[in-house]
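In what follows, a structure is listed as structure tokens, so that the remarks can point back to it.
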Amino acid sequence: MKRAVSFIVNGERLELELDPFRSLLDALRNEAGLTGTKKGCDVGDCGACTVILNGKPVNSCLVLGVEAQDARIETVEGLQAADGALHPLQENFLKLGGAQCGFCTPGFLMMAKALLDENPHPTEEEIRFGIAGNICRCTGYTRIVEAIQAAAKEMRRE
Amino acid sequence: MSDLSVVGASVRRSDMRAKVTGAAQYAGDVRLPGMLHAKMKRCAVAHARIARIDVSKAKALPGVKAVLTHHDVPRVLHFGSPHPRSASLAKDQYILDDKVRYWGEGVAAVAATSEEIAEEALDLIEVEYEPLPAAITLDQAMAPGAPRIHDVAPKGNHVIEPVRVVRGDVAKGFAEADVVIEGVYEMGRPTPAYMEPNVCLCQWDVEGKLTVWISTQTAFMVRGILAEVLGLPLNKVRVICDHMGGGFGAKQDLFQTEFLCALLARETRRPVRLEFTRKETFLGGRSRHPCRVWLKQGFKKDGTITARQAKAVYNSGAYASHGPGVTSVGTFALTSLYRCDNVLLEGECIYTNAPIAGAFRGYGVTQTYYALDIQMDEAAERLGMDPAELKLKNAVREGDLSPSGHPIVGHGLEDCVKHGVQLVSWKDLRNRKKGSGIKRRGWGMGCEMHGSSAYPGIKEQGNAIVKLNEDGTATLFTGTAGLGTGAHTALAQIVAEELGFTFEQVSVVHGDTDVVPWDIGAFASHTTYMGGKAAQLAAAEAKKQLLERAGDRLEVSPKDLEVKDGVIAVRGVPAKSMTVREAMLPTRGQPSPHIVATGTYTPTKSYSFAAHFVEVEVDTETGQIEVLQVIPVHELGRIIHPVAAAGQIEGGIQQGIGHTLTEDYMIDEKTGRSLNPSFVDYKMPLSMDMPPIRTVMLETAPDPGGPFGAKGVGEDPIIAVGPAIANAVYDAIGVRFRHYPITPEQVLQALSAK
């Protein structure tokens, strides 16, 4: 039996009918049409599906859609400003080579946002630890770390 | 100093805004009305005949729309990787066979209204196997009386007749040697582990045309083989791939599922989507070839190499895939890197009842150069020479015969070694006092060269179309794929540079076989080199037509004109000018004839070079090897986009550290069962594991075969870093490892045996 679930994604309330076994990831991708969040493993190993749930980063493949009742969810689609301006994290990933194939990128961006929301002055070590649950197979991570550092600096200035 | 304005600048990549906003559409993001979900049933036996397969219960499950087994699909013997020529010499695959040859091979497929129902249906399919004796390892498959895995094999379990390369007289060379060194090197089974699992979506229209959305490096090869196996003309198959989440070589193959997805869609008259689970990317994906290299070299006292003899045996797994190409490229690579007039090389490619090995970054050379560059380190010690000095003495140089049979352009390897030696103060590092504490540090170097393009194994071709629009902008149509490297941006830069436009004035259309010109695909580090040169040729032709038109209007000869930032001016008379837009404007209300130019490029080959310098720390109590820093020095001819080029190098190093120290896809040697098909058990370097990388890129040996002298970079880094690590470990603890991955247990065992 499907159940009615309602949560707020990027500031907009969504009403969905979900199977109780449906993951939040599948709910976002298949029911809400928000395919920016990626499925890299579906078992919580890779971090590509990271979204922010009530202020905390989660692997959305490990959260059931029905568990998200009334939650506030942030996904990569909500990162840019209303006028289309890129978030400093997006801008620096773009400019500094923090993304290549881009498949892990939405997860990294959301994990990094959660990290900076909590700690605006992270050391390199703290950044590396913060993204340790996100796998990237293209970049070697250095440029991702640099992009997060650069974004943190810009965000502090703002 | 470069006189170029767009080439060489790290412009904003054309694919990036979509990727950082979540707007980029990958094949797995496409949804169609009425779409069904497919799953493949995989066997749990290494080698067997299917005695009986019963799908009646699966078909009866509500929500199941179709089930296919080997009884229901066309039986057409085809290439696993559909290159038109010799990289895929062995036709040995059926969509579904009445036999399975590895644990995890597909035996049936189901389409249903949901993924869960499709999965449930898989459990209802009854298969009775008649087990056959299996040969899981190289030794088992090469033993006398080993079970034969393919009837089409030329002999025993050989995928192809052995590759044999003879230059000079190897016996004479060894007779002249003062020192002879011999060793056996054994390489494991890393997998590409791209982040985007394989996925395809198939839809037929009412006219019988098939459209396939798929994550592939080779859209035209997918089109070609689907057409061949399903019996369709090429204009009835359309393959679409916009963004893709990595491939690293492996996504040149077909994986059974593409055919099955298309056939299920035809049978149900509905779109059908099939996406691998992460586990399936291991089970049914492609790994690098496990490989054993026996290598023997002779040296004069002064370090001159007098002879090189080798036998490389590659484990192809259950099907040929890229085995023939990998064996050939990896074996031929041993003719070079370090000069040697007398070589005798043999390469063998062997079927086993193990997962299929395919193309993976480095393409056979990762294995043979790991052996070669470790042996050079061994030789340096025996000769009492510094390894860098020994490598410099023998480094290939301008005019030497390359593995492809072409003369080498420039002194790329020498430049990389010399530059790196100076940068890291190599002599001081190697001569410093060795530590004797618990944690011991060491430095090592590894060298490589790698061809841009698969020539002469495959005669390749890149094509491009450049269209000038009536507002003075340009559109490039390219058939090459964007794996994530930034290739389309690089191609647009090349076109802008050639036309004299700004980067923003050029856009790129790609990823649809019905729209873009034919291209062999994105692999062999040839996209910028070959696709870029085709784009440059098309742009040059478009510019010629543009200048003829502008010459008419300005009443000057076209050859006196130049274009910069979209303005056409008479050379030396800047006042006499017009914008490209003005040249393209209608005259007397009549639209100007359009300008559409094509470029076709059939490359031979150029070689890029690298020397990597690595510092490691070995914990003698835990056996842990930590890479502390990597200084990669690469010679690339001409750098189109520095950030993207460096990104290739750093990502390749990440994968190279992985296969040297931790990554190994393990298969049970008795049952053929997959032992670690997940990201928890298959250990890749993560953010905490990666060392600082100080990338150096040189432009000392530009190749006229590439656009503005550019050569490839994709595969090079993964080759050089492995032997650099192994050699650094030796420098640190005095233990010589001749295999990968080098695990902590092995370090401890070796230290206690010392």
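A note on labels: chains of the structure tokens are A, B, ... as shown, every chain counts residues from 1, and ligands are counted from 1 in their shown order.
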Would you mind listing, as a CSV table (one decimal) with N, CA and C atoms, in the first residue's frame, all residues of chain B that have at least one atom within 8 Å of chain A, where only C-alpha atoms are what counts?
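After the write, result-v4.csv holds the following:
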```csv
chain,number,residue,atom,x,y,z
B,12,ARG,N,36.0,28.3,-18.9
B,12,ARG,CA,34.9,27.7,-18.2
B,12,ARG,C,34.4,26.5,-19.0
B,13,ARG,N,34.5,25.3,-18.5
B,13,ARG,CA,34.1,24.1,-19.3
B,13,ARG,C,32.7,24.1,-19.6
B,16,MET,N,30.2,22.1,-17.4
B,16,MET,CA,30.3,22.1,-15.9
B,16,MET,C,29.1,22.8,-15.3
B,17,ARG,N,28.5,23.8,-15.9
B,17,ARG,CA,27.4,24.5,-15.2
B,17,ARG,C,26.3,23.4,-15.0
B,19,LYS,N,26.7,20.3,-14.7
B,19,LYS,CA,27.1,19.3,-13.7
B,19,LYS,C,27.0,19.8,-12.3
B,20,VAL,N,27.3,21.0,-12.0
B,20,VAL,CA,27.3,21.5,-10.7
B,20,VAL,C,25.9,22.0,-10.2
B,21,THR,N,25.0,22.1,-11.2
B,21,THR,CA,23.6,22.4,-10.8
B,21,THR,C,22.6,21.3,-10.8
B,22,GLY,N,23.1,20.1,-11.2
B,22,GLY,CA,22.3,18.9,-11.2
B,22,GLY,C,21.4,18.9,-12.5
B,23,ALA,N,21.6,19.8,-13.4
B,23,ALA,CA,20.8,19.8,-14.6
B,23,ALA,C,21.4,18.8,-15.7
B,24,ALA,N,22.6,18.4,-15.6
B,24,ALA,CA,23.2,17.5,-16.6
B,24,ALA,C,22.4,16.2,-16.7
B,29,ASP,N,19.1,9.2,-16.1
B,29,ASP,CA,18.2,10.3,-15.7
B,29,ASP,C,17.0,10.4,-16.6
B,193,ALA,N,35.7,0.9,-11.9
B,193,ALA,CA,34.9,1.4,-10.8
B,193,ALA,C,34.4,2.9,-11.1
B,194,TYR,N,34.0,3.1,-12.3
B,194,TYR,CA,33.3,4.4,-12.6
B,194,TYR,C,32.2,4.6,-11.7
B,195,MET,N,31.9,5.9,-11.4
B,195,MET,CA,30.8,6.2,-10.5
B,195,MET,C,29.4,5.9,-11.0
B,196,GLU,N,29.2,6.0,-12.3
B,196,GLU,CA,27.9,5.8,-12.9
B,196,GLU,C,27.7,4.4,-13.3
B,197,PRO,N,26.8,3.6,-12.7
B,197,PRO,CA,26.6,2.3,-13.1
B,197,PRO,C,26.1,2.2,-14.5
B,243,HIS,N,25.7,13.4,-21.2
B,243,HIS,CA,26.8,13.3,-20.2
B,243,HIS,C,27.0,11.9,-19.7
B,244,MET,N,28.2,11.5,-19.4
B,244,MET,CA,28.4,10.2,-18.8
B,244,MET,C,29.3,10.3,-17.6
B,245,GLY,N,29.0,9.4,-16.7
B,245,GLY,CA,29.7,9.4,-15.4
B,245,GLY,C,30.9,8.5,-15.4
B,246,GLY,N,31.8,8.7,-16.3
B,246,GLY,CA,33.1,8.0,-16.3
B,246,GLY,C,33.0,6.6,-17.1
B,277,THR,N,23.1,-2.7,-10.9
B,277,THR,CA,23.4,-2.3,-9.5
B,277,THR,C,24.9,-2.2,-9.4
B,278,ARG,N,25.4,-1.6,-8.3
B,278,ARG,CA,26.8,-1.5,-8.2
B,278,ARG,C,27.5,-2.8,-8.2
B,279,LYS,N,26.8,-3.8,-7.6
B,279,LYS,CA,27.4,-5.2,-7.6
B,279,LYS,C,27.5,-5.7,-9.0
B,483,LEU,N,33.5,11.7,-21.6
B,483,LEU,CA,33.5,10.9,-20.5
B,483,LEU,C,33.6,11.6,-19.2
B,484,GLY,N,33.9,12.9,-19.3
B,484,GLY,CA,34.1,13.7,-18.1
B,484,GLY,C,35.5,14.4,-18.1
B,485,THR,N,36.2,14.2,-19.2
B,485,THR,CA,37.6,14.8,-19.3
B,485,THR,C,37.6,16.2,-19.7
B,486,GLY,N,36.5,16.8,-20.2
B,486,GLY,CA,36.5,18.1,-20.7
B,486,GLY,C,36.8,18.2,-22.2
B,643,VAL,N,43.8,23.1,-16.5
B,643,VAL,CA,43.1,22.5,-15.4
B,643,VAL,C,42.6,21.1,-15.7
B,644,ALA,N,42.0,21.0,-16.9
B,644,ALA,CA,41.5,19.7,-17.3
B,644,ALA,C,42.6,18.7,-17.5
B,647,GLY,N,43.9,17.6,-14.3
B,647,GLY,CA,42.9,16.8,-13.6
B,647,GLY,C,43.0,15.3,-14.1
B,648,GLN,N,43.3,15.1,-15.4
B,648,GLN,CA,43.5,13.8,-15.9
B,648,GLN,C,44.7,13.1,-15.2
B,650,GLU,N,46.0,13.8,-12.2
B,650,GLU,CA,45.8,13.6,-10.8
B,650,GLU,C,44.8,12.4,-10.6
B,651,GLY,N,43.8,12.4,-11.4
B,651,GLY,CA,42.8,11.2,-11.3
B,651,GLY,C,43.5,9.9,-11.7
B,652,GLY,N,44.4,9.9,-12.7
B,652,GLY,CA,45.1,8.7,-13.1
B,652,GLY,C,46.0,8.2,-11.9
B,653,ILE,N,46.6,9.2,-11.2
B,653,ILE,CA,47.5,8.8,-10.1
B,653,ILE,C,46.6,8.2,-9.0
B,654,GLN,N,45.5,8.7,-8.8
B,654,GLN,CA,44.6,8.1,-7.8
B,654,GLN,C,44.3,6.6,-8.1
B,655,GLN,N,43.9,6.4,-9.3
B,655,GLN,CA,43.7,5.0,-9.7
B,655,GLN,C,44.9,4.1,-9.7
B,679,PHE,N,31.9,-1.4,-3.0
B,679,PHE,CA,32.8,-0.3,-2.7
B,679,PHE,C,33.3,-0.4,-1.2
B,680,VAL,N,32.7,-1.3,-0.4
B,680,VAL,CA,33.3,-1.5,0.9
B,680,VAL,C,34.4,-2.5,0.9
B,686,LEU,N,40.5,7.0,-1.0
B,686,LEU,CA,39.5,8.1,-0.7
B,686,LEU,C,40.2,9.4,-0.4
B,687,SER,N,39.4,10.4,0.0
B,687,SER,CA,40.0,11.7,0.2
B,687,SER,C,41.1,11.7,1.3
B,688,MET,N,40.9,10.9,2.3
B,688,MET,CA,41.9,10.8,3.4
B,688,MET,C,43.2,10.1,3.0
B,690,MET,N,44.6,10.2,-0.2
B,690,MET,CA,45.3,10.7,-1.3
B,690,MET,C,46.4,11.7,-0.9
B,692,PRO,N,49.4,14.8,-1.4
B,692,PRO,CA,49.5,16.0,-2.3
B,692,PRO,C,50.2,15.6,-3.6
B,693,ILE,N,49.7,16.2,-4.7
B,693,ILE,CA,50.3,15.9,-6.0
B,693,ILE,C,50.7,17.2,-6.6
```
What's around Gly28 of chain B at 8 Å? Count only C-alpha atoms, leave out sequence neighbours fewer than 6 positions away in its own chain, and write the answer as an MDAnalysis selection string. chainID B and resid 199:201 214 275
Secondary structure check, alpha helix (DSSP H) residues of segment 69-141 of chain A, as a PyMOL selection string: chain A and resi 88-96+105-118+124-130
Once you have the residues from the selection above, write them out as an mmCIF file, in the first residue's frame, restricted to C-alpha atoms.
```cif
data_model
loop_
_atom_site.group_PDB
_atom_site.id
_atom_site.type_symbol
_atom_site.label_atom_id
_atom_site.label_comp_id
_atom_site.auth_asym_id
_atom_site.auth_seq_id
_atom_site.Cartn_x
_atom_site.Cartn_y
_atom_site.Cartn_z
ATOM 1 C CA PRO A 88 30.418 29.631 -4.185
ATOM 2 C CA LEU A 89 30.857 25.855 -3.924
ATOM 3 C CA GLN A 90 29.429 25.359 -7.416
ATOM 4 C CA GLU A 91 31.481 28.196 -8.828
ATOM 5 C CA ASN A 92 34.725 26.878 -7.361
ATOM 6 C CA PHE A 93 34.103 23.249 -8.306
ATOM 7 C CA LEU A 94 33.528 24.525 -11.843
ATOM 8 C CA LYS A 95 36.506 26.844 -11.987
ATOM 9 C CA LEU A 96 39.127 24.836 -10.113
ATOM 10 C CA THR A 105 29.558 16.119 -7.832
ATOM 11 C CA PRO A 106 26.037 16.706 -6.479
ATOM 12 C CA GLY A 107 26.852 14.511 -3.485
ATOM 13 C CA PHE A 108 30.151 16.303 -2.865
ATOM 14 C CA LEU A 109 28.501 19.711 -3.146
ATOM 15 C CA MET A 110 25.829 18.835 -0.613
ATOM 16 C CA MET A 111 28.306 17.199 1.755
ATOM 17 C CA ALA A 112 30.540 20.267 1.475
ATOM 18 C CA LYS A 113 27.635 22.607 2.077
ATOM 19 C CA ALA A 114 26.660 20.711 5.216
ATOM 20 C CA LEU A 115 30.270 20.824 6.338
ATOM 21 C CA LEU A 116 30.615 24.579 5.797
ATOM 22 C CA ASP A 117 27.226 25.298 7.357
ATOM 23 C CA GLU A 118 28.508 23.695 10.524
ATOM 24 C CA GLU A 124 42.296 20.779 5.046
ATOM 25 C CA GLU A 125 42.243 17.776 7.371
ATOM 26 C CA GLU A 126 38.671 18.552 8.414
ATOM 27 C CA ILE A 127 37.600 18.896 4.801
ATOM 28 C CA ARG A 128 39.216 15.600 3.851
ATOM 29 C CA PHE A 129 37.554 13.916 6.807
ATOM 30 C CA GLY A 130 34.239 15.570 5.971
#
```
Considering only strand (DSSP E or B) as DSSP defines it on the backbone, what residues of segment 3-127 of chain A qualify? List them as number ranges by chain. A: 3-9, 12-18, 23, 50-53, 56-59, 64, 72-74
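In this model, the gap between atom CA of Val163 of chain B and atom CA of Val329 of chain B comes to 9.7 Å.
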Would you pick out the contacts of Lys559 of chain B at 12 Å or less, using only C-alpha atoms, so that residues sharing its chain but fewer than 6 positions from it are not included, and give the list as a compact mmCIF listing (two decimals) with N, CA and C atoms, in the first residue's frame?
```txt
# COMPACT_ATOMS: atom_id res chain seq x y z
N LYS B 543 36.90 28.65 -42.07
CA LYS B 543 37.55 29.96 -42.08
C LYS B 543 37.92 30.37 -43.51
N LYS B 544 38.36 29.41 -44.28
CA LYS B 544 38.73 29.70 -45.67
C LYS B 544 37.52 30.25 -46.42
N GLN B 545 36.38 29.58 -46.23
CA GLN B 545 35.16 30.05 -46.91
C GLN B 545 34.73 31.42 -46.39
N LEU B 546 34.89 31.62 -45.10
CA LEU B 546 34.52 32.91 -44.50
C LEU B 546 35.39 34.04 -45.07
N LEU B 547 36.69 33.78 -45.19
CA LEU B 547 37.59 34.82 -45.66
C LEU B 547 37.39 35.12 -47.15
N GLU B 548 36.98 34.10 -47.91
CA GLU B 548 36.66 34.36 -49.32
C GLU B 548 35.51 35.35 -49.42
N ARG B 549 34.51 35.11 -48.55
CA ARG B 549 33.35 35.99 -48.55
C ARG B 549 33.74 37.40 -48.08
N ALA B 550 34.50 37.48 -47.02
CA ALA B 550 34.91 38.78 -46.48
C ALA B 550 35.80 39.50 -47.49
N GLY B 551 36.66 38.73 -48.18
CA GLY B 551 37.55 39.32 -49.18
C GLY B 551 36.75 40.01 -50.28
N ASP B 552 35.68 39.34 -50.72
CA ASP B 552 34.79 39.93 -51.74
C ASP B 552 34.23 41.26 -51.25
N ILE B 568 37.31 40.44 -38.60
CA ILE B 568 38.14 40.14 -39.77
C ILE B 568 38.79 41.45 -40.22
N ALA B 569 40.10 41.47 -40.31
CA ALA B 569 40.79 42.71 -40.68
C ALA B 569 41.88 42.43 -41.70
N VAL B 570 42.18 43.44 -42.51
CA VAL B 570 43.30 43.32 -43.44
C VAL B 570 44.57 43.40 -42.61
N ARG B 571 45.44 42.43 -42.82
CA ARG B 571 46.67 42.35 -42.03
C ARG B 571 47.47 43.65 -42.18
```
As a check of understanding: the span from atom CA of Phe220 of chain B to atom CA of Ile520 of chain B is 6.6 Å
I'd like the contact shell of segment 17-19 of chain A - 12 Å cut-off, only C-alpha atoms, skipping same-chain residues fewer than 5 positions apart - returned as a PyMOL selection string. (chain A and resi 1-7+24-28+30-32+64-69) or (chain B and resi 114+116)
Kindly save the residues from that selection, with N, CA and C atoms included, as a PDB file, in the first residue's frame.
```
ATOM      1  N   MET A   1       0.831  -1.209   0.000  1.00  0.00           N
ATOM      2  CA  MET A   1       0.000   0.000   0.000  1.00  0.00           C
ATOM      3  C   MET A   1       0.863   1.256   0.000  1.00  0.00           C
ATOM      4  N   LYS A   2       0.574   2.142  -0.893  1.00  0.00           N
ATOM      5  CA  LYS A   2       1.319   3.399  -0.906  1.00  0.00           C
ATOM      6  C   LYS A   2       0.842   4.294   0.227  1.00  0.00           C
ATOM      7  N   ARG A   3       1.753   5.130   0.680  1.00  0.00           N
ATOM      8  CA  ARG A   3       1.389   6.051   1.746  1.00  0.00           C
ATOM      9  C   ARG A   3       1.647   7.488   1.312  1.00  0.00           C
ATOM     10  N   ALA A   4       0.803   8.361   1.770  1.00  0.00           N
ATOM     11  CA  ALA A   4       0.979   9.784   1.448  1.00  0.00           C
ATOM     12  C   ALA A   4       2.105  10.346   2.305  1.00  0.00           C
ATOM     13  N   VAL A   5       3.042  11.003   1.653  1.00  0.00           N
ATOM     14  CA  VAL A   5       4.163  11.594   2.358  1.00  0.00           C
ATOM     15  C   VAL A   5       4.307  13.038   1.893  1.00  0.00           C
ATOM     16  N   SER A   6       4.662  13.891   2.810  1.00  0.00           N
ATOM     17  CA  SER A   6       4.830  15.294   2.445  1.00  0.00           C
ATOM     18  C   SER A   6       6.128  15.821   3.067  1.00  0.00           C
ATOM     19  N   PHE A   7       6.957  16.402   2.242  1.00  0.00           N
ATOM     20  CA  PHE A   7       8.163  17.039   2.781  1.00  0.00           C
ATOM     21  C   PHE A   7       8.521  18.257   1.936  1.00  0.00           C
ATOM     22  N   LEU A  24      14.359   7.494  -0.080  1.00  0.00           N
ATOM     23  CA  LEU A  24      14.240   8.930  -0.355  1.00  0.00           C
ATOM     24  C   LEU A  24      14.906   9.251  -1.695  1.00  0.00           C
ATOM     25  N   LEU A  25      16.023   8.571  -1.983  1.00  0.00           N
ATOM     26  CA  LEU A  25      16.715   8.800  -3.257  1.00  0.00           C
ATOM     27  C   LEU A  25      15.789   8.508  -4.436  1.00  0.00           C
ATOM     28  N   ASP A  26      15.154   7.339  -4.426  1.00  0.00           N
ATOM     29  CA  ASP A  26      14.250   7.006  -5.533  1.00  0.00           C
ATOM     30  C   ASP A  26      13.039   7.939  -5.560  1.00  0.00           C
ATOM     31  N   ALA A  27      12.575   8.328  -4.370  1.00  0.00           N
ATOM     32  CA  ALA A  27      11.445   9.256  -4.325  1.00  0.00           C
ATOM     33  C   ALA A  27      11.822  10.574  -5.003  1.00  0.00           C
ATOM     34  N   LEU A  28      13.016  11.079  -4.703  1.00  0.00           N
ATOM     35  CA  LEU A  28      13.457  12.344  -5.302  1.00  0.00           C
ATOM     36  C   LEU A  28      13.632  12.185  -6.804  1.00  0.00           C
ATOM     37  N   ASN A  30      12.665   9.599  -8.972  1.00  0.00           N
ATOM     38  CA  ASN A  30      11.612   9.032  -9.816  1.00  0.00           C
ATOM     39  C   ASN A  30      10.248   9.665  -9.600  1.00  0.00           C
ATOM     40  N   GLU A  31       9.965  10.083  -8.365  1.00  0.00           N
ATOM     41  CA  GLU A  31       8.642  10.630  -8.086  1.00  0.00           C
ATOM     42  C   GLU A  31       8.657  12.149  -8.194  1.00  0.00           C
ATOM     43  N   ALA A  32       9.721  12.778  -7.703  1.00  0.00           N
ATOM     44  CA  ALA A  32       9.759  14.242  -7.712  1.00  0.00           C
ATOM     45  C   ALA A  32      10.471  14.791  -8.949  1.00  0.00           C
ATOM     46  N   LEU A  64      14.337   6.030   4.135  1.00  0.00           N
ATOM     47  CA  LEU A  64      13.090   5.718   3.445  1.00  0.00           C
ATOM     48  C   LEU A  64      12.334   7.010   3.163  1.00  0.00           C
ATOM     49  N   GLY A  65      11.661   7.052   2.056  1.00  0.00           N
ATOM     50  CA  GLY A  65      10.877   8.237   1.720  1.00  0.00           C
ATOM     51  C   GLY A  65       9.886   8.568   2.815  1.00  0.00           C
ATOM     52  N   VAL A  66       9.233   7.520   3.371  1.00  0.00           N
ATOM     53  CA  VAL A  66       8.210   7.777   4.387  1.00  0.00           C
ATOM     54  C   VAL A  66       8.803   8.316   5.695  1.00  0.00           C
ATOM     55  N   GLU A  67      10.096   8.102   5.886  1.00  0.00           N
ATOM     56  CA  GLU A  67      10.751   8.646   7.091  1.00  0.00           C
ATOM     57  C   GLU A  67      10.938  10.157   6.999  1.00  0.00           C
ATOM     58  N   ALA A  68      10.811  10.674   5.792  1.00  0.00           N
ATOM     59  CA  ALA A  68      11.110  12.096   5.583  1.00  0.00           C
ATOM     60  C   ALA A  68       9.882  12.977   5.780  1.00  0.00           C
ATOM     61  N   GLN A  69       8.835  12.426   6.325  1.00  0.00           N
ATOM     62  CA  GLN A  69       7.607  13.201   6.566  1.00  0.00           C
ATOM     63  C   GLN A  69       7.948  14.526   7.245  1.00  0.00           C
TER      64      GLN A  69
ATOM     65  N   SER B 114       7.896  -2.627 -12.400  1.00  0.00           N
ATOM     66  CA  SER B 114       8.784  -1.975 -11.431  1.00  0.00           C
ATOM     67  C   SER B 114      10.056  -2.797 -11.291  1.00  0.00           C
ATOM     68  N   GLU B 116      11.318  -3.762  -8.528  1.00  0.00           N
ATOM     69  CA  GLU B 116      11.120  -4.782  -7.489  1.00  0.00           C
ATOM     70  C   GLU B 116      10.449  -6.021  -8.070  1.00  0.00           C
TER      71      GLU B 116
END
```
Residues at most 8 Å from Phe737 of chain B, counting only C-alpha atoms, excluding those fewer than 3 positions away in the same chain, as a ChimeraX atom specification? /B:726,730,742
Quick one: residues within 6 Å of segment 358-367 of chain B, only C-alpha atoms, excluding same-chain residues fewer than 4 positions away - as number ranges by chain? B: 248-250, 286-288, 321-322, 326, 330, 715, 719
Please produce a file of those selected residues containing C-alpha atoms, as a short mmCIF file (atom, residue, chain, number, x, y, z; two decimals), in the first residue's frame.
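Result saved to result09.cif:
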```
data_model
loop_
_atom_site.label_atom_id
_atom_site.label_comp_id
_atom_site.auth_asym_id
_atom_site.auth_seq_id
_atom_site.Cartn_x
_atom_site.Cartn_y
_atom_site.Cartn_z
CA PHE B 248 37.98 4.71 -18.13
CA GLY B 249 37.98 2.35 -21.12
CA ALA B 250 35.50 -0.25 -19.97
CA ARG B 286 35.14 -5.29 -17.17
CA SER B 287 38.39 -5.34 -15.21
CA ARG B 288 41.98 -4.72 -16.20
CA SER B 321 36.61 -8.32 -25.26
CA HIS B 322 39.76 -6.19 -25.68
CA VAL B 326 45.53 -5.25 -24.88
CA GLY B 330 51.17 -4.21 -23.95
CA GLU B 715 46.19 7.00 -19.83
CA ILE B 719 51.14 3.72 -15.88
#
```
For Gln624 of chain B, please output as a PyMOL selection string all residues within 8 Å (counting only C-alpha atoms; exclusion window: fewer than 6 positions along the same chain). chain B and resi 618+743-744+747
Using only C-alpha atoms, find the one residue out of B:Ala318, B:Ile657, B:Leu334, B:Leu283 that sits nearest to Leu295 of chain B.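 Distance minimum relative to Leu295 of chain B lands on B:Leu334.
Considering the residues B:Leu675, B:Leu751, B:Val735, B:Ala538 and counting only C-alpha atoms, Gly623 of chain B has its shortest atom-to-atom contact with B:Leu751.
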